[in-house]
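Reading through the structure tokens given below for one structure.
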Amino acid sequence: MCVATSGPGVTNLVTGLVTATSEGDPVLAIGGEVPVHERLKKTHQSLDAISLMKPVTKYSAEVVTANQLGEIMGNAIRVAESGRPGAAFISLPKDIGLADFTGDITHNWGKKLTQGGGAQSEIDVAAALINTSRRPMILLGMQASQTNIAPMLKNFLAKTKIPYTATFQGPGKWAQPADIETFVGRVGLFRNQPADHLLDQSDCIITIGYDHIEYDPSIWNQSNKRNLIVVDVIPADQDNDFVPTAEIVGDIGIILDELVDKLSPQIDNEFSNEVANALVLNKRTVSEGVQFNGSPVHPLRVIHELQKIITPDTHIALDVGSHYIWMNRYYGAEYARQVLVSNGQQTLGVALPWAIAMSLMFPDKRIISVSGDGGFLFSAMELETAKRLGVKFIHIIWDSASYDMVSFQEAAHYDGDTAGVQLGHYDVESYAKTFGCQGYNVKSADEIASVFQKAISCDVPVLINIPIDYSQNMRLMQDVIQSFVN
């Protein structure tokens, strides 16, 4: 929940609320407004906030009489938390906010809607399609990362042994069966990963909790040539490149339990070999990190060192930039929603505020956030908030002196030319100390491990600046390039 003053206070909420709605995070925002009798006047901070918020939230309404408050609040909470979660906005005029409330608030206001399983007819169709498939694949989206369905998802993957991939927000390696490797890596942004190749080879794809904004169907499913089975909490958007053969809507966990007992998939040997090759490619790339030394530091070396300090209950927040591609591809999450990332809106500056929020929610857990040097500046001032609240976390800055994710894509599209992407230098260690926090400027790869250990023992927020080598970023857009050694 968040509260903002009228006018610019409300407009400042827009980016955060559209991010929450795109990423499937429930948020209730309350914004101030001028008194009702001044709503149509040109007075200070008067704003049509409801119209502003409608495109970026699931629910947007204004309270115009005090006795409406319970109704509107209840509806806002219910909408924000139901289906695919998102943001809800309530506009509260000053005079209504100060008025006496004569209504009755009970626990039934805002009660979340409980879903059941899917239609049996659709489950039967889906089961028949999967059982006759010889090259099935599963694509997991953000909604499949909900902790409440984790046991059912793991059971489904363990019983079927169907290979699976995931969007940047979907479940990673934590969901795969204990006796067989079936997670073939993540997909997103560019259609060039081993898992993309497997999706192309598949004759039946089962999407679970997937939303188009996570990985556009026009990228990975252009031909729409195979059977497509959708399992989700809401109906799929109609799309030329996403036409389900079977669509099961309801509680994902219940659906998976109902469906799995009807399945006996038979995967052919050729496709199994393709899956095995994908697993080898992903492992080889991740293991390369230890080989990179010197300065600036290769991204895989940073990931290699990060994995040493990530405990089973560490929470990770990723900003957006080149680092978010490297991290999402080559770090596999250990549990549901371990890694938070703005994959839909790709909002710069989210990592540090997310780290603060997670530190407040999990004060005894290890919190790590990652940003680029450009993205950090979007919310760097919140370091004061973090220190004042007494939270602690480690924030790692991948420093390329540029908006690098923009830079390498500009270079790819404009014959190597770039514009408006260069950044100047700032001293992270001095900046951290200004707020009473701790800062480190890493000079080379062999310093990272010791700096990380120092950061773990700090009782205040820690900033760590690492000069990063993005010289191989162009390979991130090339076809199934998985080795960065040569």
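Letters A, B, ... mark the chains of the structure tokens in the order given; residue numbers begin at 1 per chain; ligand numbers begin at 1, in order shown.
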
Compile the contact shell of stretch 286-294 of chain A as a ChimeraX atom specification: residues with an atom at most 6 Å away, counting only C-alpha atoms, same-chain residues fewer than 3 positions apart removed. /A:283,300-301,304,330,444-445

For N, CA and C atoms, I'd like the residues from the last selection saved as an mmCIF file, in the first residue's frame.
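Result file out.cif:
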data_model
loop_
_atom_site.group_PDB
_atom_site.id
_atom_site.type_symbol
_atom_site.label_atom_id
_atom_site.label_comp_id
_atom_site.auth_asym_id
_atom_site.auth_seq_id
_atom_site.Cartn_x
_atom_site.Cartn_y
_atom_site.Cartn_z
ATOM 1 N N LYS A 283 24.836 -25.347 -18.821
ATOM 2 C CA LYS A 283 25.808 -25.615 -17.752
ATOM 3 C C LYS A 283 27.183 -25.082 -18.127
ATOM 4 N N LEU A 300 29.945 -12.828 -16.421
ATOM 5 C CA LEU A 300 29.856 -14.184 -15.882
ATOM 6 C C LEU A 300 30.712 -14.360 -14.630
ATOM 7 N N ARG A 301 31.786 -13.579 -14.508
ATOM 8 C CA ARG A 301 32.604 -13.656 -13.295
ATOM 9 C C ARG A 301 31.836 -13.058 -12.109
ATOM 10 N N HIS A 304 29.362 -15.606 -11.089
ATOM 11 C CA HIS A 304 30.067 -16.686 -10.394
ATOM 12 C C HIS A 304 30.323 -16.319 -8.933
ATOM 13 N N TYR A 330 21.600 -16.618 -16.751
ATOM 14 C CA TYR A 330 22.638 -17.491 -16.224
ATOM 15 C C TYR A 330 22.636 -17.645 -14.715
ATOM 16 N N SER A 444 39.261 -4.862 -9.539
ATOM 17 C CA SER A 444 39.445 -5.980 -10.458
ATOM 18 C C SER A 444 38.699 -7.207 -9.936
ATOM 19 N N ALA A 445 38.622 -8.243 -10.765
ATOM 20 C CA ALA A 445 37.833 -9.428 -10.444
ATOM 21 C C ALA A 445 38.282 -10.117 -9.170
#

Pick out the residues sitting within 9 Å of A:Val406, and hand them over as an mmCIF file with N, CA and C atoms, in the first residue's frame; count only C-alpha atoms, and ignore anything fewer than 6 positions along from it in its own chain.
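out.cif was written with the following content:
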data_model
loop_
_atom_site.group_PDB
_atom_site.id
_atom_site.type_symbol
_atom_site.label_atom_id
_atom_site.label_comp_id
_atom_site.auth_asym_id
_atom_site.auth_seq_id
_atom_site.Cartn_x
_atom_site.Cartn_y
_atom_site.Cartn_z
ATOM 1 N N GLY A 321 18.622 -3.426 -17.407
ATOM 2 C CA GLY A 321 19.851 -3.053 -18.098
ATOM 3 C C GLY A 321 20.497 -4.314 -18.631
ATOM 4 N N SER A 322 21.696 -4.200 -19.153
ATOM 5 C CA SER A 322 22.383 -5.378 -19.686
ATOM 6 C C SER A 322 22.569 -6.444 -18.615
ATOM 7 N N THR A 418 25.882 5.012 -31.876
ATOM 8 C CA THR A 418 25.086 5.185 -30.662
ATOM 9 C C THR A 418 24.898 6.673 -30.388
ATOM 10 N N VAL A 421 23.929 7.819 -24.783
ATOM 11 C CA VAL A 421 24.046 6.677 -23.869
ATOM 12 C C VAL A 421 25.223 6.783 -22.896
#

Mind the document's chain letters and residue numbers, and return as a PyMOL selection string the residues of stretch 140-209 of chain A that DSSP labels helix (DSSP H, G or I). chain A and resi 142-145+147-160+173-175+194-201

Output for the residues just chosen: N, CA and C atoms as a PDB file, in the first residue's frame:
ATOM      1  N   MET A 142       5.102 -15.799 -14.984  1.00  0.00           N
ATOM      2  CA  MET A 142       5.180 -15.242 -13.641  1.00  0.00           C
ATOM      3  C   MET A 142       4.169 -15.845 -12.685  1.00  0.00           C
ATOM      4  N   GLN A 143       2.942 -16.072 -13.153  1.00  0.00           N
ATOM      5  CA  GLN A 143       1.905 -16.574 -12.266  1.00  0.00           C
ATOM      6  C   GLN A 143       2.224 -17.975 -11.753  1.00  0.00           C
ATOM      7  N   ALA A 144       3.098 -18.691 -12.458  1.00  0.00           N
ATOM      8  CA  ALA A 144       3.537 -20.010 -12.008  1.00  0.00           C
ATOM      9  C   ALA A 144       4.578 -19.913 -10.904  1.00  0.00           C
ATOM     10  N   SER A 145       5.030 -18.695 -10.591  1.00  0.00           N
ATOM     11  CA  SER A 145       6.021 -18.496  -9.536  1.00  0.00           C
ATOM     12  C   SER A 145       5.391 -18.244  -8.172  1.00  0.00           C
ATOM     13  N   THR A 147       4.097 -18.791  -4.611  1.00  0.00           N
ATOM     14  CA  THR A 147       4.531 -19.798  -3.633  1.00  0.00           C
ATOM     15  C   THR A 147       3.432 -20.798  -3.297  1.00  0.00           C
ATOM     16  N   ASN A 148       2.170 -20.385  -3.367  1.00  0.00           N
ATOM     17  CA  ASN A 148       1.089 -21.292  -2.963  1.00  0.00           C
ATOM     18  C   ASN A 148       0.878 -22.449  -3.937  1.00  0.00           C
ATOM     19  N   ILE A 149       1.374 -22.318  -5.176  1.00  0.00           N
ATOM     20  CA  ILE A 149       1.208 -23.423  -6.126  1.00  0.00           C
ATOM     21  C   ILE A 149       2.508 -24.189  -6.343  1.00  0.00           C
ATOM     22  N   ALA A 150       3.577 -23.808  -5.651  1.00  0.00           N
ATOM     23  CA  ALA A 150       4.877 -24.444  -5.855  1.00  0.00           C
ATOM     24  C   ALA A 150       4.817 -25.967  -5.678  1.00  0.00           C
ATOM     25  N   PRO A 151       4.169 -26.500  -4.626  1.00  0.00           N
ATOM     26  CA  PRO A 151       4.134 -27.970  -4.485  1.00  0.00           C
ATOM     27  C   PRO A 151       3.437 -28.657  -5.649  1.00  0.00           C
ATOM     28  N   MET A 152       2.330 -28.084  -6.122  1.00  0.00           N
ATOM     29  CA  MET A 152       1.590 -28.695  -7.237  1.00  0.00           C
ATOM     30  C   MET A 152       2.384 -28.628  -8.534  1.00  0.00           C
ATOM     31  N   LEU A 153       3.097 -27.508  -8.734  1.00  0.00           N
ATOM     32  CA  LEU A 153       3.912 -27.376  -9.942  1.00  0.00           C
ATOM     33  C   LEU A 153       5.054 -28.388  -9.930  1.00  0.00           C
ATOM     34  N   LYS A 154       5.732 -28.512  -8.807  1.00  0.00           N
ATOM     35  CA  LYS A 154       6.843 -29.465  -8.712  1.00  0.00           C
ATOM     36  C   LYS A 154       6.354 -30.891  -8.916  1.00  0.00           C
ATOM     37  N   ASN A 155       5.195 -31.194  -8.383  1.00  0.00           N
ATOM     38  CA  ASN A 155       4.617 -32.525  -8.562  1.00  0.00           C
ATOM     39  C   ASN A 155       4.289 -32.781 -10.035  1.00  0.00           C
ATOM     40  N   PHE A 156       3.740 -31.767 -10.712  1.00  0.00           N
ATOM     41  CA  PHE A 156       3.387 -31.892 -12.132  1.00  0.00           C
ATOM     42  C   PHE A 156       4.636 -32.143 -12.974  1.00  0.00           C
ATOM     43  N   LEU A 157       5.690 -31.383 -12.724  1.00  0.00           N
ATOM     44  CA  LEU A 157       6.924 -31.537 -13.499  1.00  0.00           C
ATOM     45  C   LEU A 157       7.608 -32.864 -13.186  1.00  0.00           C
ATOM     46  N   ALA A 158       7.519 -33.306 -11.924  1.00  0.00           N
ATOM     47  CA  ALA A 158       8.160 -34.566 -11.535  1.00  0.00           C
ATOM     48  C   ALA A 158       7.463 -35.769 -12.161  1.00  0.00           C
ATOM     49  N   LYS A 159       6.131 -35.723 -12.223  1.00  0.00           N
ATOM     50  CA  LYS A 159       5.384 -36.863 -12.759  1.00  0.00           C
ATOM     51  C   LYS A 159       5.428 -36.934 -14.281  1.00  0.00           C
ATOM     52  N   THR A 160       5.408 -35.784 -14.936  1.00  0.00           N
ATOM     53  CA  THR A 160       5.359 -35.794 -16.398  1.00  0.00           C
ATOM     54  C   THR A 160       6.738 -35.878 -17.036  1.00  0.00           C
ATOM     55  N   LYS A 173      15.277 -23.224 -11.958  1.00  0.00           N
ATOM     56  CA  LYS A 173      15.686 -24.610 -11.748  1.00  0.00           C
ATOM     57  C   LYS A 173      15.091 -25.230 -10.494  1.00  0.00           C
ATOM     58  N   TRP A 174      14.588 -24.395  -9.549  1.00  0.00           N
ATOM     59  CA  TRP A 174      14.063 -24.937  -8.294  1.00  0.00           C
ATOM     60  C   TRP A 174      12.878 -25.870  -8.508  1.00  0.00           C
ATOM     61  N   ALA A 175      12.171 -25.719  -9.611  1.00  0.00           N
ATOM     62  CA  ALA A 175      10.949 -26.488  -9.804  1.00  0.00           C
ATOM     63  C   ALA A 175      11.191 -27.859 -10.431  1.00  0.00           C
ATOM     64  N   PRO A 194      18.905 -21.853 -26.262  1.00  0.00           N
ATOM     65  CA  PRO A 194      18.637 -23.277 -26.495  1.00  0.00           C
ATOM     66  C   PRO A 194      17.161 -23.630 -26.277  1.00  0.00           C
ATOM     67  N   ALA A 195      16.542 -23.001 -25.270  1.00  0.00           N
ATOM     68  CA  ALA A 195      15.121 -23.270 -25.018  1.00  0.00           C
ATOM     69  C   ALA A 195      14.251 -22.760 -26.163  1.00  0.00           C
ATOM     70  N   ASP A 196      14.644 -21.668 -26.810  1.00  0.00           N
ATOM     71  CA  ASP A 196      13.912 -21.187 -27.982  1.00  0.00           C
ATOM     72  C   ASP A 196      13.954 -22.224 -29.109  1.00  0.00           C
ATOM     73  N   HIS A 197      15.117 -22.833 -29.267  1.00  0.00           N
ATOM     74  CA  HIS A 197      15.263 -23.880 -30.285  1.00  0.00           C
ATOM     75  C   HIS A 197      14.321 -25.042 -29.984  1.00  0.00           C
ATOM     76  N   LEU A 198      14.213 -25.417 -28.712  1.00  0.00           N
ATOM     77  CA  LEU A 198      13.317 -26.509 -28.335  1.00  0.00           C
ATOM     78  C   LEU A 198      11.852 -26.135 -28.552  1.00  0.00           C
ATOM     79  N   LEU A 199      11.496 -24.878 -28.254  1.00  0.00           N
ATOM     80  CA  LEU A 199      10.136 -24.430 -28.519  1.00  0.00           C
ATOM     81  C   LEU A 199       9.816 -24.543 -30.009  1.00  0.00           C
ATOM     82  N   ASP A 200      10.791 -24.213 -30.859  1.00  0.00           N
ATOM     83  CA  ASP A 200      10.595 -24.332 -32.303  1.00  0.00           C
ATOM     84  C   ASP A 200      10.357 -25.786 -32.726  1.00  0.00           C
ATOM     85  N   GLN A 201      11.034 -26.718 -32.038  1.00  0.00           N
ATOM     86  CA  GLN A 201      10.927 -28.134 -32.379  1.00  0.00           C
ATOM     87  C   GLN A 201       9.681 -28.796 -31.803  1.00  0.00           C
TER      88      GLN A 201
END

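Of the residues in stretch 30-91 of chain A, those given strand (DSSP E) by DSSP on the backbone are Ile30, Gly31, Gly32, Glu33, Tyr59, Ser60, Ala61, Glu62, Ala87, Ala88, Phe89, Ile90 and Ser91 of chain A.
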
Applying 8 Å and only C-alpha atoms, which residues near stretch 247-255 of chain A remain after dropping the ones on its own chain fewer than 5 positions away? List them as a ChimeraX atom specification. /A:115-119,122-123,126,144,148-150,152-153,208-209,229-236

List the neighbours of A:Met73 out to 10 Å using only C-alpha atoms; skip same-chain residues closer than 3 positions along the sequence, and give me the result as number ranges by chain. A: 28, 30, 61, 63, 68-70, 76-78, 88-90, 109-110

Pick out the closest residue to A:Leu306 from this set: A:Phe183, A:Tyr331, A:Trp354, A:Phe168. Count only C-alpha atoms. A:Tyr331

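Considering only C-alpha atoms, the residue among A:Cys204, A:Leu228, A:Val18, A:Leu13 positioned nearest to A:Arg135 is A:Cys204.
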
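Using only C-alpha atoms for every distance, the candidate list A:Leu129, A:Ala278, A:Ala246, A:Val27 yields A:Ala278 as the residue closest to A:Pro163.
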
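The smallest atom-to-atom distance between A:Leu348 and any of A:Pro299, A:Gly16, A:Pro35, A:Gly436, using only C-alpha atoms, is found for A:Gly16.
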